[in-house]
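With CSV, C-alpha atoms inside, this is run_11.csv:
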chain,number,residue,atom,x,y,z
A,152,MET,CA,70.7,11.3,-12.0
A,153,MET,CA,71.8,7.9,-13.1
A,154,LEU,CA,73.6,9.4,-16.1
A,155,ARG,CA,75.5,11.8,-13.8
A,156,ARG,CA,76.6,8.9,-11.6
A,157,LEU,CA,77.8,6.9,-14.6
A,158,LEU,CA,79.8,9.8,-15.8
A,159,LEU,CA,81.4,10.3,-12.4
A,160,LEU,CA,82.3,6.7,-12.2
A,161,ALA,CA,83.9,6.8,-15.6
A,162,LEU,CA,86.0,9.9,-14.6
A,163,LEU,CA,87.1,8.2,-11.4
A,164,ALA,CA,88.1,5.1,-13.4
A,165,VAL,CA,90.7,7.0,-15.5
A,166,PRO,CA,93.3,7.6,-12.8
A,167,LEU,CA,92.7,4.1,-11.4
A,168,ALA,CA,93.5,2.6,-14.7
A,169,ALA,CA,96.6,4.7,-15.2
A,170,SER,CA,97.9,3.9,-11.7
A,171,ALA,CA,97.6,0.2,-12.5
A,172,ARG,CA,100.5,0.5,-15.0
A,173,GLU,CA,103.8,-0.9,-13.8
A,174,PRO,CA,106.3,1.8,-12.9
A,175,THR,CA,109.6,2.0,-14.8
A,176,TYR,CA,112.7,0.7,-13.0
A,177,ILE,CA,114.5,4.1,-13.5
A,178,THR,CA,113.7,7.5,-14.8
A,179,ALA,CA,115.3,9.9,-17.2
A,180,GLN,CA,116.2,12.1,-14.3
A,181,GLU,CA,118.1,9.2,-12.7
A,182,LEU,CA,119.9,8.3,-15.9
A,183,ASP,CA,120.8,11.4,-17.9
A,184,LEU,CA,121.9,10.0,-21.2
A,185,VAL,CA,122.5,13.4,-22.8
A,186,SER,CA,125.3,14.0,-20.4
A,187,ILE,CA,127.0,10.6,-21.0
A,188,LEU,CA,126.4,9.7,-24.7
A,189,PRO,CA,128.6,10.9,-27.5
A,190,PRO,CA,126.6,13.2,-29.9
A,191,PRO,CA,125.3,11.7,-33.1
A,192,VAL,CA,126.9,12.3,-36.5
A,193,VAL,CA,126.3,15.9,-37.6
A,194,ALA,CA,123.6,16.3,-40.3
A,195,GLY,CA,125.0,17.2,-43.7
A,196,SER,CA,128.6,16.2,-42.8
A,197,ALA,CA,130.7,13.7,-44.8
A,198,ALA,CA,130.1,11.2,-42.0
A,199,ASP,CA,126.4,11.8,-42.3
A,200,ARG,CA,126.5,11.1,-46.1
A,201,GLU,CA,128.4,7.9,-45.4
A,202,GLN,CA,125.7,6.8,-42.9
A,203,LEU,CA,123.0,7.5,-45.4
A,204,ALA,CA,124.8,5.5,-48.0
A,205,VAL,CA,125.1,2.5,-45.6
A,206,VAL,CA,121.3,2.6,-45.0
A,207,LEU,CA,120.5,2.8,-48.7
A,208,ARG,CA,122.9,-0.1,-49.5
A,209,ALA,CA,121.4,-2.2,-46.7
A,210,GLN,CA,117.9,-1.7,-48.2
A,211,ARG,CA,119.0,-2.4,-51.8
A,212,THR,CA,120.9,-5.6,-51.0
A,213,ALA,CA,118.5,-7.1,-48.5
A,214,SER,CA,116.6,-10.1,-49.7
A,215,PRO,CA,112.8,-10.3,-49.5
A,216,GLU,CA,113.2,-12.7,-46.6
A,217,ARG,CA,115.5,-10.3,-44.7
A,218,ILE,CA,113.1,-7.4,-45.3
A,219,GLU,CA,110.2,-9.5,-44.0
A,220,GLN,CA,112.4,-10.3,-40.9
A,221,ALA,CA,113.0,-6.6,-40.4
A,222,ARG,CA,109.3,-6.0,-40.4
A,223,ARG,CA,108.7,-8.7,-37.8
A,224,ASP,CA,111.6,-7.3,-35.7
A,225,ALA,CA,109.7,-4.0,-35.3
A,226,ASP,CA,107.8,-5.9,-32.6
A,227,GLU,CA,109.6,-5.6,-29.2
A,228,SER,CA,107.9,-8.6,-27.3
A,229,VAL,CA,110.1,-11.1,-25.6
A,230,ASP,CA,108.8,-13.8,-27.9
A,231,THR,CA,109.9,-11.9,-31.1
A,232,MET,CA,113.3,-11.0,-29.6
A,233,PHE,CA,114.3,-14.4,-28.2
A,234,ALA,CA,112.0,-17.3,-29.0
A,235,ALA,CA,114.0,-18.5,-32.0
A,236,VAL,CA,117.2,-18.4,-29.9
A,237,LEU,CA,115.8,-20.2,-27.0
A,238,GLY,CA,114.1,-22.8,-29.2
A,239,LYS,CA,110.6,-22.4,-27.8
A,240,ALA,CA,107.7,-19.9,-28.2
A,241,LEU,CA,107.5,-17.5,-25.3
A,242,PRO,CA,103.7,-16.7,-24.9
A,243,ALA,CA,102.8,-14.0,-22.4
A,244,SER,CA,100.0,-16.2,-21.0
A,245,ALA,CA,102.4,-19.0,-20.1
A,246,LEU,CA,105.1,-16.7,-18.7
A,247,PRO,CA,103.6,-13.9,-16.6
A,248,ALA,CA,106.7,-13.1,-14.6
A,249,THR,CA,109.0,-13.1,-17.6
A,250,THR,CA,106.6,-11.0,-19.6
A,251,ARG,CA,106.4,-8.5,-16.7
A,252,LEU,CA,110.1,-8.2,-16.4
A,253,PHE,CA,110.7,-7.5,-20.1
A,254,ALA,CA,107.7,-5.3,-20.4
A,255,ARG,CA,109.0,-3.1,-17.5
A,256,LEU,CA,112.4,-3.1,-19.3
A,257,GLU,CA,110.7,-1.8,-22.4
A,258,ASP,CA,108.8,0.9,-20.5
A,259,THR,CA,112.1,1.9,-18.8
A,260,GLU,CA,113.8,2.2,-22.2
A,261,ASP,CA,110.9,4.4,-23.5
A,262,ALA,CA,111.1,6.7,-20.4
A,263,VAL,CA,114.9,7.1,-20.5
A,264,VAL,CA,115.4,7.3,-24.3
A,265,ALA,CA,112.5,9.6,-25.3
A,266,PRO,CA,113.9,12.8,-23.8
A,267,THR,CA,117.3,11.9,-25.2
A,268,LYS,CA,116.0,11.6,-28.7
A,269,THR,CA,114.3,15.0,-28.3
A,270,ALA,CA,117.5,16.6,-27.1
A,271,PHE,CA,119.7,15.3,-29.9
A,272,LYS,CA,117.1,15.9,-32.7
A,273,ARG,CA,118.6,13.5,-35.2
A,274,VAL,CA,116.3,13.1,-38.2
A,275,ARG,CA,115.6,9.5,-39.3
A,276,PRO,CA,117.1,8.2,-42.5
A,277,TYR,CA,113.8,7.8,-44.4
A,278,LEU,CA,113.1,11.5,-43.7
A,279,SER,CA,116.6,12.6,-44.7
A,280,ASP,CA,116.8,10.9,-48.1
A,281,PRO,CA,113.9,10.3,-50.5
A,282,GLU,CA,115.6,7.2,-51.8
A,283,ILE,CA,115.4,5.5,-48.4
A,284,LYS,CA,112.0,3.9,-47.8
A,285,ALA,CA,110.2,3.3,-44.5
A,286,LEU,CA,109.7,-0.4,-44.7
A,287,VAL,CA,107.9,-0.6,-41.3
A,288,ARG,CA,105.4,1.7,-39.6
A,289,PRO,CA,107.3,5.0,-39.6
A,290,SER,CA,108.3,6.7,-36.5
A,291,ILE,CA,108.9,10.5,-36.4
A,292,THR,CA,110.7,10.7,-33.1
A,293,GLY,CA,114.4,11.4,-33.0
A,294,SER,CA,116.6,8.8,-34.5
A,295,TYR,CA,119.5,8.9,-32.0
A,296,PRO,CA,119.8,6.7,-30.0
A,297,SER,CA,117.9,3.7,-31.3
A,298,GLY,CA,115.2,2.7,-28.9
A,299,HIS,CA,114.9,-0.8,-30.3
A,300,THR,CA,118.6,-1.3,-30.0
A,301,THR,CA,118.6,0.1,-26.5
A,302,HIS,CA,115.8,-2.4,-25.6
A,303,ILE,CA,117.4,-5.4,-27.2
A,304,THR,CA,120.8,-4.6,-25.6
A,305,ALA,CA,119.4,-4.2,-22.1
A,306,SER,CA,117.2,-7.3,-22.6
A,307,SER,CA,120.0,-9.4,-24.0
A,308,ILE,CA,122.2,-8.6,-20.9
A,309,VAL,CA,119.3,-9.7,-18.7
A,310,MET,CA,118.4,-12.7,-20.8
A,311,GLY,CA,122.0,-13.7,-20.9
A,312,ASP,CA,122.0,-13.7,-17.1
A,313,ILE,CA,118.9,-15.8,-17.0
A,314,VAL,CA,120.0,-18.3,-19.7
A,315,PRO,CA,123.8,-18.1,-19.8
A,316,GLU,CA,123.9,-21.3,-21.8
A,317,LYS,CA,122.6,-19.3,-24.7
A,318,ARG,CA,124.5,-16.1,-24.2
A,319,ASP,CA,126.5,-16.2,-27.4
A,320,ALA,CA,123.4,-16.9,-29.5
A,321,ILE,CA,121.5,-14.2,-27.7
A,322,TRP,CA,124.1,-11.6,-28.7
A,323,GLU,CA,124.1,-12.7,-32.3
A,324,ARG,CA,120.3,-12.3,-32.3
A,325,ALA,CA,120.7,-8.8,-30.7
A,326,HIS,CA,123.0,-7.7,-33.4
A,327,ASP,CA,120.7,-9.0,-36.2
A,328,TYR,CA,117.6,-7.5,-34.5
A,329,ALA,CA,119.3,-4.1,-34.3
A,330,TRP,CA,120.4,-4.3,-37.9
A,331,SER,CA,116.7,-4.7,-38.9
A,332,ARG,CA,116.2,-1.1,-38.0
A,333,VAL,CA,118.8,0.0,-40.6
A,334,ILE,CA,117.2,-2.2,-43.2
A,335,ALA,CA,113.8,-0.8,-42.3
A,336,GLY,CA,115.0,2.8,-42.9
A,337,MET,CA,114.5,3.8,-39.3
A,338,HIS,CA,118.0,4.2,-38.1
A,339,TYR,CA,121.6,4.9,-39.1
A,340,PRO,CA,124.4,2.6,-37.9
A,341,ASN,CA,125.5,5.4,-35.5
A,342,ASP,CA,122.1,5.2,-33.9
A,343,LEU,CA,122.7,1.5,-33.1
A,344,ASP,CA,126.0,2.4,-31.5
A,345,GLY,CA,124.2,4.9,-29.3
A,346,GLY,CA,121.5,2.3,-28.5
A,347,ARG,CA,124.1,-0.3,-27.4
A,348,LEU,CA,125.7,2.2,-25.1
A,349,THR,CA,122.3,3.2,-23.7
A,350,GLY,CA,121.1,-0.3,-23.2
A,351,THR,CA,124.2,-1.2,-21.4
A,352,ALA,CA,123.9,1.8,-19.2
A,353,ILE,CA,120.4,0.9,-18.3
A,354,ALA,CA,121.3,-2.7,-17.5
A,355,VAL,CA,124.1,-1.7,-15.3
A,356,ALA,CA,122.0,0.9,-13.5
A,357,LEU,CA,119.3,-1.8,-12.7
A,358,ARG,CA,121.5,-4.4,-11.2
A,359,ASN,CA,121.3,-3.2,-7.6
A,360,ARG,CA,117.7,-2.1,-7.7
A,361,PRO,CA,115.6,-4.2,-5.3
A,362,GLU,CA,112.4,-4.1,-7.5
A,363,PHE,CA,114.4,-5.2,-10.5
A,364,LYS,CA,116.1,-8.0,-8.6
A,365,ALA,CA,112.8,-9.3,-7.3
A,366,ASP,CA,111.3,-9.3,-10.9
A,367,PHE,CA,114.5,-10.8,-12.3
A,368,ASP,CA,114.6,-13.7,-9.7
A,369,ALA,CA,110.9,-14.5,-10.4
A,370,ALA,CA,111.4,-14.5,-14.2
A,371,LYS,CA,114.5,-16.6,-13.9
A,372,ARG,CA,112.8,-19.3,-11.9
A,373,GLU,CA,109.8,-19.3,-14.3
A,374,LEU,CA,111.7,-19.2,-17.6
A,375,ARG,CA,114.3,-21.8,-16.7
A,376,GLN,CA,111.6,-24.2,-15.6
A,377,TYR,CA,109.6,-23.5,-18.8
A,378,LEU,CA,112.7,-24.2,-20.9
A,379,GLY,CA,113.5,-27.4,-19.0
A,380,LEU,CA,116.7,-26.1,-17.6
A,381,ALA,CA,118.3,-26.7,-14.2
A,382,PRO,CA,117.4,-24.0,-11.6
What would the structure in this file look like if it were written as structure tokens?
Amino acid sequence: MMLRRLLLLALLAVPLAASAREPTYITAQELDLVSILPPPVVAGSAADREQLAVVLRAQRTASPERIEQARRDADESVDTMFAAVLGKALPASALPATTRLFARLEDTEDAVVAPTKTAFKRVRPYLSDPEIKALVRPSITGSYPSGHTTHITASSIVMGDIVPEKRDAIWERAHDYAWSRVIAGMHYPNDLDGGRLTGTAIAVALRNRPEFKADFDAAKRELRQYLGLAP
């Protein structure tokens, strides 16, 4: 009898745990990227061969230090993306509102980009050319558009609005962070272009969403105080 009760409680806990997850700001149905993005480079075309050559050259010319950075940049936390630019570590424990905002941005990127990758079916570089190596944990989802680039683009627009004093440096970091995906063998340059368009579209779509604005205002107050900046 006691065992049956424990099993029932365990089953009931599953939907409760799932419902505790923060909802995304927008869904793929609300932002249909397939209808607005230009298609990726056609596999096997001259342009495709040029893209593969760029990836291979990026891997061969990257220094050990730059490769190590590409490996670190596989992480999508706000600390990895922006701590060096802002000049201070950004631990989740000290910045709950900021962490919440950017985690929901990441979840939104996942929700919007995943069906787009499936629709375009672009094969990743390391799976297209045996000379290209997967220098980070490999992903087998579609290559176009780049999810990491989408995330860093949307996040850089938001972070630039929170800390406009650092906007130029934030965008330099965004470019470097996205390029890490090429060095890692995960993406073509064309995927980064798609990611920048996608990230911008997401950021624009969020601006007038009440739930986003509430999270943004809370994160802005918290982060500017943490960084010692004027409100």
Quick one: contact table of segment 188-288 of chain A to segment 174-177 of chain A, 10 Å max, nearest atom pair and distance in Å to one decimal per residue, counting all atoms listed in the file, chain and number order, as a Markdown table?
| residue | atom | partner | partner_atom | distance |
| --- | --- | --- | --- | --- |
| A:Leu252 | CA | A:Tyr176 | CA | 9.9 |
| A:Ala254 | CA | A:Thr175 | CA | 9.4 |
| A:Arg255 | CA | A:Thr175 | CA | 5.8 |
| A:Leu256 | CA | A:Thr175 | CA | 7.4 |
| A:Glu257 | CA | A:Thr175 | CA | 8.6 |
| A:Asp258 | CA | A:Thr175 | CA | 5.9 |
| A:Thr259 | CA | A:Thr175 | CA | 4.7 |
| A:Glu260 | CA | A:Thr175 | CA | 8.5 |
| A:Asp261 | CA | A:Thr175 | CA | 9.1 |
| A:Ala262 | CA | A:Thr175 | CA | 7.5 |
| A:Val263 | CA | A:Ile177 | CA | 7.6 |
Next, write the just-selected residues to a file, as a PDB file, in the frame of the given file, keeping C-alpha atoms as the atom set.
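As written to disk, selection.pdb reads:
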ATOM      1  CA  LEU A 252     110.100  -8.200 -16.400  1.00  0.00           C
ATOM      2  CA  ALA A 254     107.700  -5.300 -20.400  1.00  0.00           C
ATOM      3  CA  ARG A 255     109.000  -3.100 -17.500  1.00  0.00           C
ATOM      4  CA  LEU A 256     112.400  -3.100 -19.300  1.00  0.00           C
ATOM      5  CA  GLU A 257     110.700  -1.800 -22.400  1.00  0.00           C
ATOM      6  CA  ASP A 258     108.800   0.900 -20.500  1.00  0.00           C
ATOM      7  CA  THR A 259     112.100   1.900 -18.800  1.00  0.00           C
ATOM      8  CA  GLU A 260     113.800   2.200 -22.200  1.00  0.00           C
ATOM      9  CA  ASP A 261     110.900   4.400 -23.500  1.00  0.00           C
ATOM     10  CA  ALA A 262     111.100   6.700 -20.400  1.00  0.00           C
ATOM     11  CA  VAL A 263     114.900   7.100 -20.500  1.00  0.00           C
TER      12      VAL A 263
END
Within 8 Å of Thr300 of chain A, counting all atoms listed in the file, which residues qualify if same-chain residues fewer than 2 places away don't, as a PDB file with C-alpha atoms, in the frame of the given file?
ATOM      1  CA  SER A 297     117.900   3.700 -31.300  1.00  0.00           C
ATOM      2  CA  GLY A 298     115.200   2.700 -28.900  1.00  0.00           C
ATOM      3  CA  HIS A 302     115.800  -2.400 -25.600  1.00  0.00           C
ATOM      4  CA  ILE A 303     117.400  -5.400 -27.200  1.00  0.00           C
ATOM      5  CA  THR A 304     120.800  -4.600 -25.600  1.00  0.00           C
ATOM      6  CA  ALA A 325     120.700  -8.800 -30.700  1.00  0.00           C
ATOM      7  CA  TYR A 328     117.600  -7.500 -34.500  1.00  0.00           C
ATOM      8  CA  ALA A 329     119.300  -4.100 -34.300  1.00  0.00           C
ATOM      9  CA  LEU A 343     122.700   1.500 -33.100  1.00  0.00           C
ATOM     10  CA  GLY A 346     121.500   2.300 -28.500  1.00  0.00           C
ATOM     11  CA  ARG A 347     124.100  -0.300 -27.400  1.00  0.00           C
ATOM     12  CA  GLY A 350     121.100  -0.300 -23.200  1.00  0.00           C
TER      13      GLY A 350
END
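What separates atom CA of Gly195 of chain A from atom CA of Asn341 of chain A is a distance of 14.4 Å.
Counting from atom CA of Ser196 of chain A, the distance to atom CA of Asp342 of chain A is 15.6 Å.
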- Message: Considering only C-alpha atoms, can you say which of A:Trp330, A:Tyr377, A:Phe253, A:Tyr277 comes closest to Ala305 of chain A?
- Response: A:Phe253
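For the pair atom CA of Ser228 of chain A and atom CA of Ser307 of chain A, the separation is 12.6 Å.
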- With only C-alpha atoms counted, which protein, DNA or RNA residues have an atom no more than 6 Å from (114.2, -9.7, -47.4) in the file frame? Please answer as a ChimeraX atom specification. /A:213-219
Could you write those residues out with C-alpha atoms, as a short mmCIF file (atom, residue, chain, number, x, y, z; two decimals), keeping the file's coordinate frame?
data_model
loop_
_atom_site.label_atom_id
_atom_site.label_comp_id
_atom_site.auth_asym_id
_atom_site.auth_seq_id
_atom_site.Cartn_x
_atom_site.Cartn_y
_atom_site.Cartn_z
CA ALA A 213 118.50 -7.10 -48.50
CA SER A 214 116.60 -10.10 -49.70
CA PRO A 215 112.80 -10.30 -49.50
CA GLU A 216 113.20 -12.70 -46.60
CA ARG A 217 115.50 -10.30 -44.70
CA ILE A 218 113.10 -7.40 -45.30
CA GLU A 219 110.20 -9.50 -44.00
#
Reconstructed segment 324-348 of chain A, atom set N, CA, C and O atoms, as a PDB file, in the coordinates of the input:
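Saved to out17.pdb:
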ATOM      1  N   ARG A 324     121.690 -12.695 -31.963  1.00  0.00           N
ATOM      2  CA  ARG A 324     120.300 -12.300 -32.300  1.00  0.00           C
ATOM      3  C   ARG A 324     120.185 -10.754 -32.016  1.00  0.00           C
ATOM      4  O   ARG A 324     119.545 -10.046 -32.806  1.00  0.00           O
ATOM      5  N   ALA A 325     120.795 -10.246 -30.963  1.00  0.00           N
ATOM      6  CA  ALA A 325     120.700  -8.800 -30.700  1.00  0.00           C
ATOM      7  C   ALA A 325     121.284  -7.977 -31.798  1.00  0.00           C
ATOM      8  O   ALA A 325     120.706  -6.957 -32.195  1.00  0.00           O
ATOM      9  N   HIS A 326     122.407  -8.413 -32.339  1.00  0.00           N
ATOM     10  CA  HIS A 326     123.000  -7.700 -33.400  1.00  0.00           C
ATOM     11  C   HIS A 326     122.120  -7.706 -34.680  1.00  0.00           C
ATOM     12  O   HIS A 326     121.913  -6.672 -35.337  1.00  0.00           O
ATOM     13  N   ASP A 327     121.555  -8.867 -34.985  1.00  0.00           N
ATOM     14  CA  ASP A 327     120.700  -9.000 -36.200  1.00  0.00           C
ATOM     15  C   ASP A 327     119.413  -8.206 -35.988  1.00  0.00           C
ATOM     16  O   ASP A 327     118.935  -7.561 -36.930  1.00  0.00           O
ATOM     17  N   TYR A 328     118.847  -8.247 -34.789  1.00  0.00           N
ATOM     18  CA  TYR A 328     117.600  -7.500 -34.500  1.00  0.00           C
ATOM     19  C   TYR A 328     117.828  -6.013 -34.652  1.00  0.00           C
ATOM     20  O   TYR A 328     117.006  -5.311 -35.251  1.00  0.00           O
ATOM     21  N   ALA A 329     118.958  -5.523 -34.148  1.00  0.00           N
ATOM     22  CA  ALA A 329     119.300  -4.100 -34.300  1.00  0.00           C
ATOM     23  C   ALA A 329     119.463  -3.708 -35.740  1.00  0.00           C
ATOM     24  O   ALA A 329     118.991  -2.650 -36.183  1.00  0.00           O
ATOM     25  N   TRP A 330     120.136  -4.570 -36.503  1.00  0.00           N
ATOM     26  CA  TRP A 330     120.400  -4.300 -37.900  1.00  0.00           C
ATOM     27  C   TRP A 330     119.084  -4.175 -38.711  1.00  0.00           C
ATOM     28  O   TRP A 330     119.013  -3.478 -39.730  1.00  0.00           O
ATOM     29  N   SER A 331     118.046  -4.846 -38.238  1.00  0.00           N
ATOM     30  CA  SER A 331     116.700  -4.700 -38.900  1.00  0.00           C
ATOM     31  C   SER A 331     116.258  -3.300 -38.958  1.00  0.00           C
ATOM     32  O   SER A 331     115.550  -2.901 -39.880  1.00  0.00           O
ATOM     33  N   ARG A 332     116.650  -2.487 -37.996  1.00  0.00           N
ATOM     34  CA  ARG A 332     116.200  -1.100 -38.000  1.00  0.00           C
ATOM     35  C   ARG A 332     116.899  -0.265 -39.066  1.00  0.00           C
ATOM     36  O   ARG A 332     116.336   0.715 -39.546  1.00  0.00           O
ATOM     37  N   VAL A 333     118.110  -0.667 -39.437  1.00  0.00           N
ATOM     38  CA  VAL A 333     118.800   0.000 -40.600  1.00  0.00           C
ATOM     39  C   VAL A 333     118.113  -0.406 -41.860  1.00  0.00           C
ATOM     40  O   VAL A 333     117.784   0.443 -42.702  1.00  0.00           O
ATOM     41  N   ILE A 334     117.881  -1.701 -42.038  1.00  0.00           N
ATOM     42  CA  ILE A 334     117.200  -2.200 -43.200  1.00  0.00           C
ATOM     43  C   ILE A 334     115.825  -1.541 -43.396  1.00  0.00           C
ATOM     44  O   ILE A 334     115.402  -1.198 -44.505  1.00  0.00           O
ATOM     45  N   ALA A 335     115.149  -1.346 -42.272  1.00  0.00           N
ATOM     46  CA  ALA A 335     113.800  -0.800 -42.300  1.00  0.00           C
ATOM     47  C   ALA A 335     113.797   0.726 -42.612  1.00  0.00           C
ATOM     48  O   ALA A 335     112.732   1.314 -42.814  1.00  0.00           O
ATOM     49  N   GLY A 336     114.977   1.355 -42.654  1.00  0.00           N
ATOM     50  CA  GLY A 336     115.000   2.800 -42.900  1.00  0.00           C
ATOM     51  C   GLY A 336     114.797   3.667 -41.735  1.00  0.00           C
ATOM     52  O   GLY A 336     114.666   4.891 -41.869  1.00  0.00           O
ATOM     53  N   MET A 337     114.762   3.056 -40.548  1.00  0.00           N
ATOM     54  CA  MET A 337     114.500   3.800 -39.300  1.00  0.00           C
ATOM     55  C   MET A 337     115.685   4.389 -38.652  1.00  0.00           C
ATOM     56  O   MET A 337     115.582   5.361 -37.898  1.00  0.00           O
ATOM     57  N   HIS A 338     116.861   3.768 -38.882  1.00  0.00           N
ATOM     58  CA  HIS A 338     118.000   4.200 -38.100  1.00  0.00           C
ATOM     59  C   HIS A 338     119.314   4.137 -38.975  1.00  0.00           C
ATOM     60  O   HIS A 338     119.429   3.337 -39.908  1.00  0.00           O
ATOM     61  N   TYR A 339     120.270   4.961 -38.569  1.00  0.00           N
ATOM     62  CA  TYR A 339     121.600   4.900 -39.100  1.00  0.00           C
ATOM     63  C   TYR A 339     122.446   3.950 -38.222  1.00  0.00           C
ATOM     64  O   TYR A 339     122.096   3.705 -37.057  1.00  0.00           O
ATOM     65  N   PRO A 340     123.551   3.414 -38.735  1.00  0.00           N
ATOM     66  CA  PRO A 340     124.400   2.600 -37.900  1.00  0.00           C
ATOM     67  C   PRO A 340     124.864   3.309 -36.615  1.00  0.00           C
ATOM     68  O   PRO A 340     124.973   2.704 -35.545  1.00  0.00           O
ATOM     69  N   ASN A 341     125.093   4.615 -36.718  1.00  0.00           N
ATOM     70  CA  ASN A 341     125.500   5.400 -35.500  1.00  0.00           C
ATOM     71  C   ASN A 341     124.420   5.379 -34.449  1.00  0.00           C
ATOM     72  O   ASN A 341     124.733   5.407 -33.257  1.00  0.00           O
ATOM     73  N   ASP A 342     123.152   5.295 -34.854  1.00  0.00           N
ATOM     74  CA  ASP A 342     122.100   5.200 -33.900  1.00  0.00           C
ATOM     75  C   ASP A 342     122.142   3.890 -33.093  1.00  0.00           C
ATOM     76  O   ASP A 342     121.813   3.845 -31.905  1.00  0.00           O
ATOM     77  N   LEU A 343     122.554   2.834 -33.796  1.00  0.00           N
ATOM     78  CA  LEU A 343     122.700   1.500 -33.100  1.00  0.00           C
ATOM     79  C   LEU A 343     123.813   1.590 -32.101  1.00  0.00           C
ATOM     80  O   LEU A 343     123.694   1.025 -31.010  1.00  0.00           O
ATOM     81  N   ASP A 344     124.899   2.268 -32.446  1.00  0.00           N
ATOM     82  CA  ASP A 344     126.000   2.400 -31.500  1.00  0.00           C
ATOM     83  C   ASP A 344     125.506   3.121 -30.222  1.00  0.00           C
ATOM     84  O   ASP A 344     125.805   2.700 -29.104  1.00  0.00           O
ATOM     85  N   GLY A 345     124.739   4.190 -30.411  1.00  0.00           N
ATOM     86  CA  GLY A 345     124.200   4.900 -29.300  1.00  0.00           C
ATOM     87  C   GLY A 345     123.232   4.029 -28.465  1.00  0.00           C
ATOM     88  O   GLY A 345     123.212   4.073 -27.232  1.00  0.00           O
ATOM     89  N   GLY A 346     122.448   3.213 -29.166  1.00  0.00           N
ATOM     90  CA  GLY A 346     121.500   2.300 -28.500  1.00  0.00           C
ATOM     91  C   GLY A 346     122.226   1.256 -27.658  1.00  0.00           C
ATOM     92  O   GLY A 346     121.772   0.902 -26.567  1.00  0.00           O
ATOM     93  N   ARG A 347     123.330   0.753 -28.177  1.00  0.00           N
ATOM     94  CA  ARG A 347     124.100  -0.300 -27.400  1.00  0.00           C
ATOM     95  C   ARG A 347     124.669   0.346 -26.142  1.00  0.00           C
ATOM     96  O   ARG A 347     124.662  -0.288 -25.075  1.00  0.00           O
ATOM     97  N   LEU A 348     125.180   1.557 -26.250  1.00  0.00           N
ATOM     98  CA  LEU A 348     125.700   2.200 -25.100  1.00  0.00           C
ATOM     99  C   LEU A 348     124.578   2.498 -24.058  1.00  0.00           C
ATOM    100  O   LEU A 348     124.736   2.291 -22.853  1.00  0.00           O
TER     101      LEU A 348
END
